[in-house]
Amino acid sequence: MAAPEPPHLWPWRVGTIAVLAVAWVAATGSGLVPAVFLPSPADLWDSGVDLVTEGYKDRPLLDHIGFSLLRVFAGFGAGALLGTALGLLMGWRGWIDALFAPFIEFLRPLPQLAYLLLLIIWLGIGEAPKICLLFLAALPVAAVAARDGVRRADLTRLAAARTLGASEWQVFRHVVLPSALPDILIGARLALGIVYGTLIAAEIIAGSTGLGWMIVDAGRFLRSDRVFVGVLIIGLMGVALDRLLVLAEHRIVHWAGR
Amino acid sequence: MSARHYVAFSDVSVTFGHGEGAVRALDRVSLGFGRGSFVCVVGPSGCGKTTLLNVLAGFQAPSDGRVSVAGSEVHGTGPDRGVVFQQAALFPWLTVAGNAAFGPMVRGVGRRARAERAEHWLRIVGLWEFRDRYPYELSGGMQQRLALARALANDPAILLMDEPFGALDALTRERMQEELQSVWRASFMTVLFITHGVEEAVFLGTDVVVMSPRPGRIIERLASPFAHEAGARGSRKVKSDPAFVALREQVLGLILEGPETAGQ
Ligand SMILES: Nc1ncnc2c1ncn2[C@@H]1O[C@H](COP(=O)(O)OP(=O)(O)O)[C@@H](O)[C@H]1O
Ligand SMILES: [Mg+2]
């Protein structure tokens with residue numbers, strides 16, 4: 001767990017953002033960059049207000065956000081949960097690892113777009129292939145993290161628990177699981193990042209809902225202002241979700257690294 | 001060496017590996033001691049001290065021979081034999097109180113009863129006011145005291161300690177020795193204490209067992225009277241007593257020169 005950032009570094013952060021904003025205003029205000037490439041701050045603001053009040057293509061903006069979040073949570077939730085459970089078993093028993101490792105290790109580095117088409121062929125174009133895609137993105141990452149966490153459990157601690165009278169199940173429940181928790185949470189954070197990154201690909205699959213779809217659709221009509229607003233919303237939501245997980249991490253595994 | 005001793009190692013051998021690279025960590029070791037003894041094992045590093053403890057703890061099955069407690073052979077670990085390791089090996093996700101209550105908890109002791117037992121031992125080792133802290137907030141000496149309390153809260157008949165004070169500074173170590181001794185004196189516990197500190201062994205033990213390496217053997221066993229005297233006389237007085245110094249030098253001689261030259 002990284003040490004908290006010292007307060008005196010904040011000006012640097014704000015500084016880079018300020019410089020970027022000034023360059024943006026200058027580039028669009030001078031007319032050097034056409035609006036199709038880069039909308040001006042005023043255009044972006046109007047477009048944002050329009051999206052919020054009027055929605056996009058017959059749907060309120062919040063619906064699009066809600067659909068995207070639902071897909072992320074369904075795919076990530078199921079993938080991380082099942083992946084973690086599988087990874088715990090894989091780390092605990094060698095034969096379970098031998099059984100599943102080939103699939104997990106093949107799936108993990110595979111670009112999600114590579115199997116997207118197969119999912120469409122198998123599952124059609126509804127919600128199923130979308131959520132399945134996100135699920136498959138999260139599963140191997142969570143599994144490998146949990147397995148490594150179990151393997152990192154301190155052997156002396158396991159021995160200590162046994163001499164205190166713990167059964168094999170109690171050793172697992174009271175020592176192995178908490179030992180693996182820091183790794184499990186790091187895995188969840190990684191998985192959420194990957195799922196989030198895969199969201200746009202998932203929403204390209206037909207349909208007419210979701211932030212990803214909105215961006216792709218607006219891009220088709222060269223509405224770069226709406227693409228920008230969509231990117232901003234997705235980006236900020238991503239930061240917020242990641243921060244939420246970091247916060248949970250600090251609260252739950254306060255002992256990690258000590 | 002068998003049934004008449006509470007703890008009995010009978011011709012115990014442990015070999016690691018096979019063929020050329022095989023290491024004989026214990027070579028036909030026989031050792032017996034009665035209930036309530038405080039047995040200190042000393043010897044150079046690699047002479048098989050940890051292996052000896054591991055066999056009694058149940059971590060390591062002997063390649064040959066048998067180990068028994070109260071007449072029945074040891075198979076695997078058991079809560080009748082508590083262990084304190086050199087690294088405290090505490091559970092950092094549990095509070096100090098949670099650590100102390102771990103043994104009773106996994107053994108199904110009720111919430112109220114195990115809290116009481118944890119409190120009893122935490123008070124004795126002086127950690128009661130730290131009960132809601134986490135192990136990483138404690139100093140090395142306090143962590144080792146917690147490891148001791150955690151083992152004792154299980155009410156073990158035998159306490160096994162593998163160089164438990166090795167990582168502590170001299171002052172803390174001395175205080176821990178006195179605490180351990182008073183706990184032992186007030187109980188019916190049998191202790192097997194591994195150390196490479198000769199003074200520590202002679203001060204704490206009712207029996208001092210000296211081992212030598214390659215292959216791991218017991219070369220001498222000496223009775224030490226000081227474990228029973230220290231409480232009344234204070235540890236500094238005991239450690240400067242000529243009889244104490246003589247015994248300490250004798251043990252040191254055995255370790256450095258072997259049984260032939262020492263003691264003549
Ligand atoms: N698991 C093991 N595998 C192979 N060799 C070991 C193992 N454990 C101990 N040994 C060897 O056995 C000998 C005795 O080790 P140990 O009992 O740890 O000695 P001590 O505790 O007195 O330093 C050493 O030579 C050590 O290298
Ligand atoms: Mg050792």
# chains A, B, ... in the order shown; residues from 1 in each chain; ligands from 1
>>> interface_residues(of="chain A", to="chain B", cutoff="12 Å", atoms="only C-alpha atoms", output="ChimeraX atom specification")
/A:153-182,251-258
>>> residues_around(residues="A:Phe76", least_positions_apart="6", cutoff="9 Å", atoms="only C-alpha atoms", output="CSV table (one decimal) with all heavy atoms, in the first residue's frame")
chain,number,residue,atom,x,y,z
A,131,ILE,N,-22.4,-9.0,-20.8
A,131,ILE,CA,-22.1,-9.3,-19.4
A,131,ILE,C,-21.1,-10.5,-19.4
A,131,ILE,O,-20.1,-10.5,-18.6
A,131,ILE,CB,-23.3,-9.6,-18.6
A,131,ILE,CG1,-24.1,-8.3,-18.4
A,131,ILE,CG2,-23.0,-10.2,-17.2
A,131,ILE,CD1,-25.4,-8.4,-17.8
A,134,LEU,N,-17.6,-9.2,-20.0
A,134,LEU,CA,-17.0,-8.5,-18.8
A,134,LEU,C,-16.7,-9.6,-17.8
A,134,LEU,O,-15.6,-9.5,-17.1
A,134,LEU,CB,-18.0,-7.5,-18.3
A,134,LEU,CG,-18.4,-6.4,-19.3
A,134,LEU,CD1,-19.3,-5.4,-18.6
A,134,LEU,CD2,-17.1,-5.7,-19.8
A,135,PHE,N,-17.5,-10.5,-17.6
A,135,PHE,CA,-17.3,-11.6,-16.7
A,135,PHE,C,-16.0,-12.3,-17.0
A,135,PHE,O,-15.2,-12.6,-16.1
A,135,PHE,CB,-18.5,-12.6,-16.8
A,135,PHE,CG,-18.3,-13.9,-16.1
A,135,PHE,CD1,-18.5,-14.0,-14.7
A,135,PHE,CD2,-18.0,-15.0,-16.8
A,135,PHE,CE1,-18.3,-15.2,-14.0
A,135,PHE,CE2,-17.8,-16.2,-16.1
A,135,PHE,CZ,-18.0,-16.3,-14.7
A,136,LEU,N,-15.8,-12.7,-18.3
A,136,LEU,CA,-14.6,-13.4,-18.7
A,136,LEU,C,-13.4,-12.5,-18.6
A,136,LEU,O,-12.3,-13.1,-18.4
A,136,LEU,CB,-14.8,-13.9,-20.1
A,136,LEU,CG,-15.7,-15.1,-20.3
A,136,LEU,CD1,-15.9,-15.4,-21.8
A,136,LEU,CD2,-15.2,-16.3,-19.5
A,137,ALA,N,-13.5,-11.2,-18.6
A,137,ALA,CA,-12.4,-10.3,-18.4
A,137,ALA,C,-12.0,-10.3,-17.0
A,137,ALA,O,-10.8,-10.3,-16.7
A,137,ALA,CB,-12.7,-8.9,-18.9
A,138,ALA,N,-12.9,-10.3,-16.1
A,138,ALA,CA,-12.6,-10.2,-14.6
A,138,ALA,C,-12.1,-11.5,-14.0
A,138,ALA,O,-11.3,-11.6,-13.2
A,138,ALA,CB,-13.9,-9.7,-13.9
A,139,LEU,N,-12.7,-12.6,-14.5
A,139,LEU,CA,-12.5,-13.9,-13.8
A,139,LEU,C,-11.0,-14.3,-13.7
A,139,LEU,O,-10.6,-14.6,-12.6
A,139,LEU,CB,-13.3,-15.0,-14.6
A,139,LEU,CG,-13.2,-16.4,-14.0
A,139,LEU,CD1,-14.3,-16.7,-13.0
A,139,LEU,CD2,-13.2,-17.5,-15.1
A,188,ALA,N,-9.1,-7.4,-7.3
A,188,ALA,CA,-10.4,-6.9,-7.7
A,188,ALA,C,-10.2,-5.5,-8.3
A,188,ALA,O,-10.9,-5.2,-9.3
A,188,ALA,CB,-11.2,-6.7,-6.4
A,191,ALA,N,-9.1,-6.1,-11.8
A,191,ALA,CA,-10.2,-6.7,-12.6
A,191,ALA,C,-11.2,-5.6,-13.0
A,191,ALA,O,-11.6,-5.5,-14.1
A,191,ALA,CB,-10.9,-7.8,-11.8
A,192,LEU,N,-11.4,-4.7,-12.0
A,192,LEU,CA,-12.4,-3.6,-12.3
A,192,LEU,C,-11.8,-2.7,-13.4
A,192,LEU,O,-12.6,-2.3,-14.3
A,192,LEU,CB,-12.6,-2.8,-11.0
A,192,LEU,CG,-13.7,-1.7,-11.2
A,192,LEU,CD1,-15.0,-2.3,-11.5
A,192,LEU,CD2,-13.8,-0.8,-10.0
A,195,VAL,N,-12.3,-4.6,-16.7
A,195,VAL,CA,-13.7,-4.7,-17.0
A,195,VAL,C,-14.2,-3.3,-17.6
A,195,VAL,O,-14.9,-3.2,-18.6
A,195,VAL,CB,-14.6,-5.1,-15.8
A,195,VAL,CG1,-16.0,-4.7,-16.0
A,195,VAL,CG2,-14.4,-6.6,-15.5
A,196,TYR,N,-13.7,-2.3,-16.9
A,196,TYR,CA,-14.1,-1.0,-17.3
A,196,TYR,C,-13.6,-0.7,-18.7
A,196,TYR,O,-14.3,-0.1,-19.5
A,196,TYR,CB,-13.5,0.0,-16.3
A,196,TYR,CG,-14.3,1.3,-16.2
A,196,TYR,CD1,-15.6,1.2,-15.6
A,196,TYR,CD2,-13.9,2.5,-16.6
A,196,TYR,CE1,-16.4,2.3,-15.5
A,196,TYR,CE2,-14.6,3.6,-16.5
A,196,TYR,CZ,-15.9,3.6,-15.9
A,196,TYR,OH,-16.6,4.7,-15.8
>>> select_by_dssp(residues="stretch 25-258 of chain A", states="helix (DSSP H, G or I)", output="VMD selection string")
chain A and resid 25 to 29 41 to 54 61 to 92 94 to 107 112 to 123 127 to 151 155 to 163 168 to 204 211 to 220 224 to 252
>>> residues_near_ligand(ligand="ligand 2", cutoff="7 Å", atoms="only C-alpha atoms and all ligand atoms", output="PyMOL selection string")
chain B and resi 45-46+49-50+162
>>> residues_around(residues="A:Asp217", least_positions_apart="5", cutoff="12 Å", atoms="only C-alpha atoms", output="list of chain:residue names")
A:Tyr56, A:Lys57, A:Ile200, A:Glu203, A:Ile204, A:Ile205, A:Ala206, A:Gly207, A:Ser208, A:Thr209, A:Gly210, A:Leu211, A:Gly212, A:Leu222, A:Arg223, A:Ser224, A:Arg226, A:Val227, A:Gly230
>>> write_last_selection(atoms="N, CA, C and O atoms", output="JSON list (two decimals), in the first residue's frame")
[["chain", "number", "residue", "atom", "x", "y", "z"],
["A", 56, "TYR", "N", -29.87, 11.24, -24.59],
["A", 56, "TYR", "CA", -29.28, 10.90, -25.88],
["A", 56, "TYR", "C", -30.13, 9.85, -26.56],
["A", 56, "TYR", "O", -30.39, 8.78, -25.99],
["A", 57, "LYS", "N", -30.60, 10.15, -27.78],
["A", 57, "LYS", "CA", -31.38, 9.21, -28.58],
["A", 57, "LYS", "C", -32.52, 8.59, -27.77],
["A", 57, "LYS", "O", -32.54, 7.40, -27.47],
["A", 200, "ILE", "N", -16.62, -0.53, -23.43],
["A", 200, "ILE", "CA", -16.97, 0.03, -24.73],
["A", 200, "ILE", "C", -17.11, -1.08, -25.76],
["A", 200, "ILE", "O", -18.08, -1.13, -26.53],
["A", 203, "GLU", "N", -20.32, -2.79, -25.39],
["A", 203, "GLU", "CA", -21.51, -2.03, -25.78],
["A", 203, "GLU", "C", -21.56, -1.74, -27.28],
["A", 203, "GLU", "O", -22.56, -1.22, -27.77],
["A", 204, "ILE", "N", -20.48, -2.07, -27.97],
["A", 204, "ILE", "CA", -20.53, -1.96, -29.44],
["A", 204, "ILE", "C", -21.46, -3.04, -30.00],
["A", 204, "ILE", "O", -22.05, -2.88, -31.05],
["A", 205, "ILE", "N", -21.57, -4.15, -29.24],
["A", 205, "ILE", "CA", -22.44, -5.23, -29.69],
["A", 205, "ILE", "C", -23.86, -4.71, -29.78],
["A", 205, "ILE", "O", -24.55, -4.58, -28.78],
["A", 206, "ALA", "N", -24.31, -4.38, -30.99],
["A", 206, "ALA", "CA", -25.67, -3.93, -31.24],
["A", 206, "ALA", "C", -26.19, -3.03, -30.12],
["A", 206, "ALA", "O", -25.46, -2.27, -29.52],
["A", 207, "GLY", "N", -27.48, -3.10, -29.81],
["A", 207, "GLY", "CA", -28.05, -2.35, -28.69],
["A", 207, "GLY", "C", -28.08, -0.86, -28.94],
["A", 207, "GLY", "O", -27.58, -0.36, -29.96],
["A", 208, "SER", "N", -28.69, -0.14, -28.00],
["A", 208, "SER", "CA", -28.76, 1.31, -28.14],
["A", 208, "SER", "C", -28.75, 1.94, -26.76],
["A", 208, "SER", "O", -29.44, 2.91, -26.50],
["A", 209, "THR", "N", -27.99, 1.35, -25.88],
["A", 209, "THR", "CA", -27.89, 1.87, -24.52],
["A", 209, "THR", "C", -26.46, 1.83, -24.04],
["A", 209, "THR", "O", -25.64, 1.06, -24.55],
["A", 210, "GLY", "N", -26.18, 2.66, -23.04],
["A", 210, "GLY", "CA", -24.88, 2.64, -22.39],
["A", 210, "GLY", "C", -23.98, 3.76, -22.86],
["A", 210, "GLY", "O", -24.13, 4.28, -23.98],
["A", 211, "LEU", "N", -23.06, 4.16, -21.98],
["A", 211, "LEU", "CA", -22.13, 5.23, -22.30],
["A", 211, "LEU", "C", -21.23, 4.87, -23.46],
["A", 211, "LEU", "O", -20.94, 5.69, -24.33],
["A", 212, "GLY", "N", -20.78, 3.62, -23.48],
["A", 212, "GLY", "CA", -19.90, 3.16, -24.55],
["A", 212, "GLY", "C", -20.61, 3.28, -25.89],
["A", 212, "GLY", "O", -20.06, 3.82, -26.86],
["A", 222, "LEU", "N", -19.82, 12.13, -36.27],
["A", 222, "LEU", "CA", -18.79, 13.17, -36.09],
["A", 222, "LEU", "C", -19.16, 14.22, -35.05],
["A", 222, "LEU", "O", -18.80, 15.37, -35.15],
["A", 223, "ARG", "N", -19.98, 13.82, -34.02],
["A", 223, "ARG", "CA", -20.30, 14.77, -32.95],
["A", 223, "ARG", "C", -19.22, 14.70, -31.88],
["A", 223, "ARG", "O", -19.42, 14.13, -30.81],
["A", 224, "SER", "N", -18.08, 15.27, -32.16],
["A", 224, "SER", "CA", -16.95, 15.14, -31.23],
["A", 224, "SER", "C", -17.27, 15.76, -29.88],
["A", 224, "SER", "O", -16.74, 15.35, -28.85],
["A", 226, "ARG", "N", -20.04, 15.49, -28.21],
["A", 226, "ARG", "CA", -20.68, 14.46, -27.39],
["A", 226, "ARG", "C", -19.71, 13.33, -27.03],
["A", 226, "ARG", "O", -19.78, 12.77, -25.95],
["A", 227, "VAL", "N", -18.83, 13.02, -27.99],
["A", 227, "VAL", "CA", -17.80, 12.01, -27.68],
["A", 227, "VAL", "C", -16.98, 12.48, -26.47],
["A", 227, "VAL", "O", -16.75, 11.72, -25.53],
["A", 230, "GLY", "N", -18.91, 12.18, -23.26],
["A", 230, "GLY", "CA", -18.97, 10.77, -22.88],
["A", 230, "GLY", "C", -17.65, 10.29, -22.28],
["A", 230, "GLY", "O", -17.62, 9.63, -21.24]]
>>> closest_residue(among="B:Val191, B:Val96, B:Leu53, B:Gly65", to="B:Asp11", atoms="only C-alpha atoms")
B:Gly65
>>> decode(residues="stretch 160-171 of chain A", atoms="C-alpha atoms", output="CSV table (one decimal), in the first residue's frame")
chain,number,residue,atom,x,y,z
A,160,ALA,CA,1.0,-21.6,14.7
A,161,ALA,CA,-2.7,-22.0,13.9
A,162,ARG,CA,-2.4,-25.8,13.7
A,163,THR,CA,-0.6,-26.0,17.1
A,164,LEU,CA,-3.4,-23.9,18.6
A,165,GLY,CA,-5.8,-26.6,17.6
A,166,ALA,CA,-7.2,-25.3,14.3
A,167,SER,CA,-8.7,-27.8,11.9
A,168,GLU,CA,-7.8,-27.7,8.2
A,169,TRP,CA,-11.0,-25.8,7.5
A,170,GLN,CA,-10.3,-23.4,10.4
A,171,VAL,CA,-6.8,-22.8,9.1
